[in-house]
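Visitor: My file is input.cif. It has mmCIF, C-alpha atoms and all ligand atoms:
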data_target
loop_
_atom_site.label_atom_id
_atom_site.label_comp_id
_atom_site.auth_asym_id
_atom_site.auth_seq_id
_atom_site.Cartn_x
_atom_site.Cartn_y
_atom_site.Cartn_z
CA MET A 45 0.00 0.00 0.00
CA GLN A 46 1.27 3.50 -0.83
CA LYS A 47 2.32 5.61 2.16
CA ARG A 48 0.02 8.60 2.70
CA LEU A 49 1.80 11.94 2.39
CA ARG A 50 1.40 14.11 5.46
CA ILE A 51 0.65 17.80 5.27
CA PRO A 52 1.61 20.50 7.81
CA GLU A 53 -2.09 21.14 8.53
CA GLU A 54 -2.08 17.83 10.44
CA LEU A 55 0.49 19.05 12.97
CA ARG A 56 -1.12 19.35 16.40
CA VAL A 57 0.14 22.57 17.97
CA SER A 58 -1.14 23.60 21.39
CA GLY A 59 0.99 26.60 22.17
CA MET A 60 3.44 29.13 20.82
CA THR A 61 6.14 31.46 22.12
CA PRO A 62 6.24 34.17 19.43
CA LEU A 63 9.74 35.42 20.24
CA THR A 64 12.62 33.87 22.14
CA THR A 65 16.37 34.35 22.25
CA ILE A 66 17.12 31.24 24.33
CA ASP A 67 15.56 28.31 22.48
CA PHE A 68 17.86 28.27 19.43
CA PRO A 69 21.39 29.50 20.20
CA ASP A 70 22.25 32.90 18.71
CA HIS A 71 18.99 33.13 16.77
CA LEU A 72 15.73 35.00 17.18
CA ALA A 73 13.14 32.26 17.10
CA CYS A 74 9.58 31.34 17.83
CA VAL A 75 8.63 28.05 19.49
CA LEU A 76 5.72 25.80 18.55
CA TYR A 77 4.61 23.36 21.27
CA THR A 78 3.15 20.15 19.85
CA GLN A 79 0.57 18.08 21.67
CA GLY A 80 1.34 14.65 23.08
CA CYS A 81 4.24 13.00 24.87
CA PRO A 82 4.90 9.34 25.74
CA LEU A 83 6.94 10.19 28.85
CA ARG A 84 5.71 11.10 32.32
CA CYS A 85 8.60 13.09 33.74
CA ARG A 86 7.79 13.76 37.35
CA TYR A 87 8.92 17.40 37.07
CA CYS A 88 7.08 18.03 33.78
CA HIS A 89 5.79 21.60 33.99
CA ASN A 90 3.65 21.29 30.85
CA PRO A 91 1.49 18.30 31.83
CA GLN A 92 -1.35 19.68 29.68
CA LEU A 93 0.84 18.81 26.65
CA ILE A 94 1.12 15.12 27.58
CA PRO A 95 -2.18 13.62 26.29
CA PHE A 96 -2.12 12.78 22.58
CA GLY A 97 -5.90 12.71 22.09
CA ASP A 98 -7.33 13.01 18.59
CA GLN A 99 -8.52 16.61 18.52
CA PRO A 100 -6.78 19.25 16.39
CA GLY A 101 -4.36 21.48 18.28
CA SER A 102 -5.52 24.87 19.50
CA ILE A 103 -3.40 26.72 16.90
CA SER A 104 -4.06 25.81 13.29
CA TRP A 105 -1.37 25.60 10.63
CA PRO A 106 -2.89 28.45 8.58
CA GLU A 107 -2.62 30.66 11.70
CA ILE A 108 1.03 29.65 12.14
CA GLU A 109 1.78 30.24 8.48
CA GLU A 110 0.16 33.64 8.59
CA PHE A 111 2.24 34.52 11.67
CA LEU A 112 5.45 33.33 9.97
CA HIS A 113 4.73 35.35 6.83
CA ARG A 114 4.46 38.47 9.01
CA ARG A 115 7.75 37.61 10.77
CA GLN A 116 9.84 36.99 7.65
CA GLY A 117 13.02 39.04 7.94
CA LEU A 118 12.47 39.43 11.70
CA LEU A 119 12.63 35.89 13.03
CA GLU A 120 15.45 33.57 12.00
CA ALA A 121 14.26 30.19 13.21
CA VAL A 122 11.26 28.11 14.20
CA VAL A 123 11.72 25.62 17.03
CA PHE A 124 9.46 22.59 17.31
CA SER A 125 9.06 21.63 20.95
CA GLY A 126 6.47 19.78 22.99
CA GLY A 127 5.25 17.49 24.24
CA GLU A 128 7.37 15.29 22.04
CA PRO A 129 7.35 16.69 18.49
CA THR A 130 9.12 13.76 16.81
CA LEU A 131 6.04 11.58 17.31
CA GLN A 132 3.86 13.92 15.23
CA PRO A 133 3.36 12.24 11.85
CA ALA A 134 3.18 15.66 10.16
CA LEU A 135 6.37 17.07 11.66
CA ALA A 136 8.56 16.51 8.59
CA ALA A 137 5.98 18.25 6.38
CA ALA A 138 5.80 21.17 8.81
CA MET A 139 9.59 21.46 8.98
CA ALA A 140 9.83 21.45 5.19
CA ALA A 141 7.17 24.18 5.00
CA VAL A 142 9.05 26.30 7.54
CA ARG A 143 12.29 25.96 5.60
CA GLU A 144 10.47 26.89 2.43
CA LEU A 145 9.53 30.17 4.13
CA GLY A 146 13.20 30.88 4.78
CA PHE A 147 13.49 29.97 8.47
CA LYS A 148 15.97 27.65 10.10
CA VAL A 149 14.50 24.68 11.96
CA GLY A 150 15.18 23.83 15.59
CA LEU A 151 13.99 20.72 17.40
CA HIS A 152 13.56 20.03 21.11
CA THR A 153 13.23 16.32 21.74
CA ALA A 154 13.63 13.76 24.49
CA GLY A 155 15.00 11.34 21.90
CA VAL A 156 12.19 8.85 22.46
CA SER A 157 12.37 7.45 18.93
CA PRO A 158 15.75 7.28 17.19
CA GLU A 159 13.97 5.98 14.08
CA ARG A 160 11.83 9.11 13.83
CA LEU A 161 14.76 11.33 14.67
CA ALA A 162 16.80 9.79 11.85
CA GLN A 163 14.05 10.66 9.37
CA LEU A 164 13.85 14.24 10.61
CA LEU A 165 17.51 15.15 10.91
CA PRO A 166 17.95 16.15 7.24
CA LEU A 167 15.37 18.89 7.90
CA VAL A 168 16.89 20.20 11.12
CA ASP A 169 19.52 22.91 11.78
CA TRP A 170 19.87 22.59 15.55
CA VAL A 171 18.68 20.14 18.22
CA GLY A 172 18.17 20.39 21.97
CA LEU A 173 18.25 16.79 23.24
CA ASP A 174 16.93 16.12 26.73
CA VAL A 175 18.92 13.50 28.57
CA LYS A 176 16.44 12.98 31.34
CA ALA A 177 18.50 11.12 33.89
CA PRO A 178 21.47 8.88 34.55
CA TYR A 179 20.85 5.62 32.67
CA GLN A 180 19.79 3.62 35.75
CA ARG A 181 17.39 6.36 36.92
CA TYR A 182 15.46 6.72 33.67
CA PRO A 183 12.36 4.71 34.64
CA GLN A 184 12.10 6.48 37.98
CA VAL A 185 12.37 9.95 36.43
CA THR A 186 10.38 9.46 33.21
CA GLY A 187 7.82 6.92 34.43
CA ARG A 188 8.67 4.75 31.40
CA ASN A 189 10.86 1.69 30.84
CA HIS A 190 13.25 1.22 27.89
CA GLN A 191 13.67 4.94 27.27
CA ALA A 192 17.28 5.17 28.44
CA GLN A 193 18.49 3.11 25.48
CA GLN A 194 16.28 5.02 23.03
CA ASN A 195 17.78 8.25 24.30
CA ARG A 196 21.32 6.91 24.02
CA ASN A 197 20.66 5.75 20.44
CA SER A 198 19.27 9.19 19.58
CA LEU A 199 22.37 10.80 21.02
CA GLU A 200 24.61 8.58 18.92
CA LEU A 201 22.65 9.54 15.82
CA LEU A 202 23.16 13.19 16.61
CA LEU A 203 26.86 12.74 17.25
CA ASP A 204 27.22 11.03 13.86
CA SER A 205 25.10 13.62 12.05
CA GLY A 206 27.37 16.64 12.48
CA ILE A 207 24.27 18.77 13.24
CA PRO A 208 24.91 21.21 16.12
CA PHE A 209 23.12 20.17 19.29
CA GLU A 210 22.94 20.65 23.01
CA CYS A 211 22.28 17.95 25.59
CA ARG A 212 20.35 19.15 28.60
CA THR A 213 19.32 17.56 31.88
CA THR A 214 16.66 18.91 34.20
CA VAL A 215 17.66 18.32 37.76
CA ASP A 216 15.66 17.86 40.92
CA TRP A 217 17.88 16.64 43.73
CA ARG A 218 15.12 14.35 45.03
CA LEU A 219 15.36 12.28 41.84
CA PHE A 220 19.11 11.70 41.70
CA PRO A 221 22.06 13.07 43.66
CA PRO A 222 24.82 15.40 42.43
CA ASP A 223 27.40 12.60 42.08
CA GLU A 224 25.13 10.76 39.67
CA LEU A 225 24.70 13.92 37.63
CA HIS A 226 28.47 14.25 37.50
CA ASP A 227 28.83 10.61 36.39
CA LEU A 228 26.24 11.21 33.66
CA ALA A 229 28.07 14.33 32.50
CA CYS A 230 31.36 12.39 32.36
CA GLN A 231 29.71 9.74 30.19
CA LEU A 232 28.31 12.40 27.85
CA ALA A 233 31.67 14.14 27.59
CA ASP A 234 33.37 10.79 26.87
CA LEU A 235 30.87 10.16 24.08
CA GLY A 236 31.81 13.49 22.48
CA VAL A 237 29.05 15.86 23.65
CA GLU A 238 30.39 19.41 23.50
CA HIS A 239 27.41 21.48 24.67
CA TYR A 240 25.74 20.55 27.93
CA ALA A 241 23.18 22.39 30.02
CA VAL A 242 21.84 21.67 33.48
CA GLN A 243 18.43 23.10 34.24
CA ILE A 244 17.18 23.25 37.81
CA ASN A 245 13.58 22.14 38.25
CA GLN A 246 11.62 25.25 39.06
CA ALA A 247 9.05 23.20 41.00
CA ARG A 248 6.05 24.93 39.44
CA ASN A 249 3.05 23.14 37.97
CA CYS A 250 4.82 19.76 38.25
CA LEU A 251 3.16 16.59 37.03
CA ASP A 252 4.09 15.04 40.40
CA PRO A 253 2.74 17.36 43.11
CA ALA A 254 5.33 15.90 45.51
CA LEU A 255 7.94 17.97 43.63
CA GLU A 256 6.13 21.29 43.99
CA GLN A 257 8.45 22.49 46.72
CA MET A 258 11.84 23.64 45.49
CA VAL A 259 14.89 21.96 47.05
CA THR A 260 18.43 23.16 46.75
CA LEU A 261 21.93 22.19 47.81
CA PRO A 262 24.29 24.15 50.05
CA THR A 263 25.86 27.01 48.05
CA GLU A 264 29.40 25.66 48.35
CA GLN A 265 28.41 22.19 47.17
CA LEU A 266 26.56 23.69 44.19
CA ALA A 267 29.50 25.89 43.23
CA ASN A 268 31.84 22.92 43.43
CA LEU A 269 29.54 20.81 41.25
CA ARG A 270 29.22 23.58 38.67
CA ASP A 271 32.98 23.92 38.46
CA ARG A 272 33.45 20.17 38.01
CA LEU A 273 30.82 20.06 35.25
CA ASP A 274 32.22 23.13 33.57
CA GLU A 275 35.61 21.44 33.20
CA LEU A 276 34.09 18.62 31.15
CA PHE A 277 32.63 20.51 28.18
CA PRO A 278 33.71 23.25 25.76
CA VAL A 279 30.30 24.85 26.41
CA PHE A 280 28.51 24.34 29.72
CA VAL A 281 25.44 26.23 30.89
CA TRP A 282 23.76 26.20 34.30
CA ARG A 283 20.13 27.39 34.11
CA GLU A 284 18.12 28.28 37.19
S1 LIG B 301 8.96 17.12 30.53
FE1 LIG B 301 8.83 14.94 30.02
S2 LIG B 301 6.65 14.44 30.13
FE2 LIG B 301 6.80 16.66 30.01
S3 LIG B 301 6.61 17.12 27.84
FE3 LIG B 301 8.81 17.00 28.29
S4 LIG B 301 9.39 14.88 27.87
FE4 LIG B 301 7.15 14.94 28.01
#
For this file, produce the structure as structure tokens.
Ligand code: SF4

Guide:
Amino acid sequence: MQKRLRIPEELRVSGMTPLTTIDFPDHLACVLYTQGCPLRCRYCHNPQLIPFGDQPGSISWPEIEEFLHRRQGLLEAVVFSGGEPTLQPALAAAMAAVRELGFKVGLHTAGVSPERLAQLLPLVDWVGLDVKAPYQRYPQVTGRNHQAQQNRNSLELLLDSGIPFECRTTVDWRLFPPDELHDLACQLADLGVEHYAVQINQARNCLDPALEQMVTLPTEQLANLRDRLDELFPVFVWRE
């Protein structure tokens, strides 16, 4: 049977940031948040984006296209985020349409499907890959089994692709301790990751209400950890 061609109108988009300077390095971008995610990260602060459902997204493709036409020459890139955008069957069509309009394409993904990522990479200019947890902690942090290996395979694809990317890990010290974060960072550096970011869970609107209260480490311990992580990568960012 012939494969049905997807069209960008089928992309389910449930939110948009019209202008950002932090979601695609060194570019003015907008972010489109797609609906649906297979993970259940306990700190997820966009739990409304998790259900896939079968309804159209709240922002239609014609609305997005109209917005992008008005921003030509002003915005440089469009970032597809989520949810988990790579599981949207229409993502490749939407990326191609965005490129056609003259924008670069960014992708935020948790690397849940290396197969889908491999299909999309030719259409992508920059990737932010979430590495959710140290390998052994993945089920506990994401609520899903078998995702650690999927993520590792996605990372290897990215390393082989030559496409610029950043790995990022959101941290809540109740989910894994600083030494395990350091071990994870060492593994990533050994694999060849050059850009790494640590993002502290802001403990707002978390999927798991038990994480709603922010926890921190003693200042000296944090500073020491930051220094040790910073030594590992050409580019290291600590986001709070
Ligand atoms: S934080 Fe986790 S559960 Fe929430 S959208 Fe991102 S990958 Fe999905």

Visitor: Quick one: residues within 7 Å of ligand LIG 301 (chain B), with all atoms listed in the file, as a list in words?

Guide: Cys81, Pro82, Leu83, Arg84, Cys85, Tyr87, Cys88, His89, Asn90, Pro91, Leu93, Ile94, Gly126, Gly127, Glu128, Ala154 and Thr186 of chain A

Visitor: Using the selection just defined, write its residues with C-alpha atoms as a PDB file, in the coordinates of the input.

Guide:
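Written file, part_13.pdb:
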ATOM      1  CA  CYS A  81       4.240  13.000  24.870  1.00  0.00           C
ATOM      2  CA  PRO A  82       4.900   9.340  25.740  1.00  0.00           C
ATOM      3  CA  LEU A  83       6.940  10.190  28.850  1.00  0.00           C
ATOM      4  CA  ARG A  84       5.710  11.100  32.320  1.00  0.00           C
ATOM      5  CA  CYS A  85       8.600  13.090  33.740  1.00  0.00           C
ATOM      6  CA  TYR A  87       8.920  17.400  37.070  1.00  0.00           C
ATOM      7  CA  CYS A  88       7.080  18.030  33.780  1.00  0.00           C
ATOM      8  CA  HIS A  89       5.790  21.600  33.990  1.00  0.00           C
ATOM      9  CA  ASN A  90       3.650  21.290  30.850  1.00  0.00           C
ATOM     10  CA  PRO A  91       1.490  18.300  31.830  1.00  0.00           C
ATOM     11  CA  LEU A  93       0.840  18.810  26.650  1.00  0.00           C
ATOM     12  CA  ILE A  94       1.120  15.120  27.580  1.00  0.00           C
ATOM     13  CA  GLY A 126       6.470  19.780  22.990  1.00  0.00           C
ATOM     14  CA  GLY A 127       5.250  17.490  24.240  1.00  0.00           C
ATOM     15  CA  GLU A 128       7.370  15.290  22.040  1.00  0.00           C
ATOM     16  CA  ALA A 154      13.630  13.760  24.490  1.00  0.00           C
ATOM     17  CA  THR A 186      10.380   9.460  33.210  1.00  0.00           C
TER      18      THR A 186
END

Visitor: Using all atoms listed in the file, list the residues that have an atom at most 9 Å from (-6.2, 18.2, 18.6), coordinates as in the file, as an mmCIF file with C-alpha atoms, keeping the file's coordinate frame.

Guide:
data_model
loop_
_atom_site.group_PDB
_atom_site.id
_atom_site.type_symbol
_atom_site.label_atom_id
_atom_site.label_comp_id
_atom_site.auth_asym_id
_atom_site.auth_seq_id
_atom_site.Cartn_x
_atom_site.Cartn_y
_atom_site.Cartn_z
ATOM 1 C CA LEU A 55 0.490 19.050 12.970
ATOM 2 C CA ARG A 56 -1.120 19.350 16.400
ATOM 3 C CA VAL A 57 0.140 22.570 17.970
ATOM 4 C CA SER A 58 -1.140 23.600 21.390
ATOM 5 C CA GLN A 79 0.570 18.080 21.670
ATOM 6 C CA PHE A 96 -2.120 12.780 22.580
ATOM 7 C CA GLY A 97 -5.900 12.710 22.090
ATOM 8 C CA ASP A 98 -7.330 13.010 18.590
ATOM 9 C CA GLN A 99 -8.520 16.610 18.520
ATOM 10 C CA PRO A 100 -6.780 19.250 16.390
ATOM 11 C CA GLY A 101 -4.360 21.480 18.280
ATOM 12 C CA SER A 102 -5.520 24.870 19.500
#

Visitor: Would you work out the distance separating atom CA of A:Ile108 from atom CA of A:Cys74, expressed in Å to one decimal?

Guide: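 Pair atom CA of A:Ile108 / atom CA of A:Cys74 returns 10.4 Å.
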
Visitor: Quick one: pull the distance between atom CA of A:Arg212 and atom CA of A:Cys230, Å, one decimal.

Guide: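 One can read the atom CA of A:Arg212 to atom CA of A:Cys230 distance as 13.5 Å.
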
Visitor: List as a PyMOL selection string the protein and nucleic acid residues near A:Pro129, meaning an atom at most 10 Å away when all atoms listed in the file are counted, but skip any in the same chain fewer than 4 places from it.

Guide: chain A and resi 55-57+76-81+124-125+133-136+151-155+160-161

Visitor: One decimal, in Å: what's the spacing between atom CA of A:Leu273 and atom CA of A:Phe220?

Guide: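 Between atom CA of A:Leu273 and atom CA of A:Phe220 the gap is 15.8 Å.
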
Visitor: For A:Phe68, find every residue with an atom within 9 Å (counting only C-alpha atoms), except residues of its own chain fewer than 6 positions away, and show them as a PDB file with C-alpha atoms, in the coordinates of the input.

Guide:
ATOM      1  CA  CYS A  74       9.580  31.340  17.830  1.00  0.00           C
ATOM      2  CA  ALA A 121      14.260  30.190  13.210  1.00  0.00           C
ATOM      3  CA  VAL A 122      11.260  28.110  14.200  1.00  0.00           C
ATOM      4  CA  VAL A 123      11.720  25.620  17.030  1.00  0.00           C
ATOM      5  CA  VAL A 149      14.500  24.680  11.960  1.00  0.00           C
ATOM      6  CA  GLY A 150      15.180  23.830  15.590  1.00  0.00           C
ATOM      7  CA  LEU A 151      13.990  20.720  17.400  1.00  0.00           C
ATOM      8  CA  TRP A 170      19.870  22.590  15.550  1.00  0.00           C
ATOM      9  CA  VAL A 171      18.680  20.140  18.220  1.00  0.00           C
ATOM     10  CA  GLY A 172      18.170  20.390  21.970  1.00  0.00           C
TER      11      GLY A 172
END

Visitor: Give the padded box for stretch 54-63 of chain A as AutoDock Vina command-line options: axis-aligned, covering all atoms listed in the file, 3 Å on each side, centre and edge lengths in Å to one decimal.

Guide:
--center_x 3.8 --center_y 26.6 --center_z 16.3 --size_x 17.8 --size_y 23.6 --size_z 17.7

Visitor: Near A:Glu109, within 10 Å and counting all atoms listed in the file, which residues show up once chain neighbours fewer than 5 positions away are dropped, as a list in words?

Guide: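 Neighbouring residues, sequence-local ones excluded: Pro52, Glu53, Ser104, Arg114, Arg115, Ala138, Ala141, Val142 and Leu145 of chain A.
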
Visitor: Just C-alpha atoms for this one: save the residues we selected as a compact mmCIF listing (two decimals), in the coordinates of the input.

Guide:
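And here is the file that came out, result16.txt:
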# COMPACT_ATOMS: atom_id res chain seq x y z
CA PRO A 52 1.61 20.50 7.81
CA GLU A 53 -2.09 21.14 8.53
CA SER A 104 -4.06 25.81 13.29
CA ARG A 114 4.46 38.47 9.01
CA ARG A 115 7.75 37.61 10.77
CA ALA A 138 5.80 21.17 8.81
CA ALA A 141 7.17 24.18 5.00
CA VAL A 142 9.05 26.30 7.54
CA LEU A 145 9.53 30.17 4.13

Visitor: Determine the nearest neighbour of A:Leu276 from the options A:Ala247, A:Leu232, A:Gly187, A:Thr263, counting all atoms listed in the file.

Guide: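 Of A:Ala247, A:Leu232, A:Gly187, A:Thr263, the one nearest A:Leu276, counting all atoms listed in the file, is A:Leu232.
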
Visitor: Tell me which protein, DNA and RNA residues are within 12 Å of A:Tyr182, counting only C-alpha atoms, leaving out same-chain ones fewer than 6 positions away, and put them as a PyMOL selection string.

Guide: chain A and resi 83-86+154+156+174-176+188-196+213+219-220+228

Visitor: Residues within 10 Å of A:Val279, please, as a short mmCIF file (atom, residue, chain, number, x, y, z; two decimals) with C-alpha atoms, in the frame of the given file. Count all atoms listed in the file; anything in the same chain fewer than 4 positions from it doesn't count.

Guide:
data_model
loop_
_atom_site.label_atom_id
_atom_site.label_comp_id
_atom_site.auth_asym_id
_atom_site.auth_seq_id
_atom_site.Cartn_x
_atom_site.Cartn_y
_atom_site.Cartn_z
CA GLU A 210 22.94 20.65 23.01
CA VAL A 237 29.05 15.86 23.65
CA GLU A 238 30.39 19.41 23.50
CA HIS A 239 27.41 21.48 24.67
CA TYR A 240 25.74 20.55 27.93
CA ALA A 241 23.18 22.39 30.02
CA ASP A 274 32.22 23.13 33.57
CA GLU A 275 35.61 21.44 33.20
#

Visitor: Using only C-alpha atoms, which of A:Asp169, A:Glu159, A:Met139, A:Ile51 sits nearest A:His71?

Guide: A:Asp169

Visitor: Identify the residues within 12 Å of coordinate (15.6, 23.1, 47.9) (same frame as the file), considering all atoms listed in the file, and give the answer as a PyMOL selection string.

Guide: chain A and resi 215-218+244-247+255-263+266

Visitor: Determine the nearest neighbour of A:Lys148 from the options A:Glu110, A:Glu284, A:Asp70, A:Leu173, counting all atoms listed in the file.

Guide: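 So, comparing all the options, the nearest one is A:Asp70.
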
Visitor: Which of these residues is nearest to A:Gly117, using only C-alpha atoms: A:Thr130, A:Gln231, A:Pro253, A:Phe147?

Guide: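 Checking each of A:Thr130, A:Gln231, A:Pro253, A:Phe147 against A:Gly117, counting only C-alpha atoms, the winner is A:Phe147.
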
Visitor: Tell me which of A:Gln116, A:Gln265, A:Gln243, A:Gln92 sits closest to A:Ala73, counting only C-alpha atoms.

Guide: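 Closest to A:Ala73 of all the choices is A:Gln116.
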
Visitor: Any chance you could model N, CA and C atoms for stretch 198-210 of chain A and send them as a tab-separated table (two decimals), keeping the file's coordinate frame?

Guide:
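File produced: result-v2.tsv:
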chain	number	residue	atom	x	y	z
A	198	SER	N	19.51	7.88	20.21
A	198	SER	CA	19.27	9.19	19.58
A	198	SER	C	20.50	10.07	19.68
A	199	LEU	N	21.14	10.02	20.84
A	199	LEU	CA	22.37	10.80	21.02
A	199	LEU	C	23.44	10.36	20.03
A	200	GLU	N	23.58	9.06	19.85
A	200	GLU	CA	24.61	8.58	18.92
A	200	GLU	C	24.32	9.03	17.50
A	201	LEU	N	23.04	9.03	17.14
A	201	LEU	CA	22.65	9.54	15.82
A	201	LEU	C	23.08	10.99	15.65
A	202	LEU	N	22.81	11.78	16.68
A	202	LEU	CA	23.16	13.19	16.61
A	202	LEU	C	24.67	13.39	16.50
A	203	LEU	N	25.41	12.62	17.30
A	203	LEU	CA	26.86	12.74	17.25
A	203	LEU	C	27.39	12.42	15.85
A	204	ASP	N	26.76	11.43	15.22
A	204	ASP	CA	27.22	11.03	13.86
A	204	ASP	C	26.77	12.02	12.80
A	205	SER	N	25.72	12.80	13.09
A	205	SER	CA	25.10	13.62	12.05
A	205	SER	C	25.90	14.89	11.72
A	206	GLY	N	26.66	15.38	12.69
A	206	GLY	CA	27.37	16.64	12.48
A	206	GLY	C	26.46	17.86	12.68
A	207	ILE	N	25.18	17.65	13.00
A	207	ILE	CA	24.27	18.77	13.24
A	207	ILE	C	24.56	19.32	14.65
A	208	PRO	N	24.64	20.66	14.78
A	208	PRO	CA	24.91	21.21	16.12
A	208	PRO	C	23.78	20.85	17.09
A	209	PHE	N	24.15	20.50	18.30
A	209	PHE	CA	23.12	20.17	19.29
A	209	PHE	C	23.63	20.41	20.70
A	210	GLU	N	22.66	20.52	21.58
A	210	GLU	CA	22.94	20.65	23.01
A	210	GLU	C	22.26	19.50	23.73
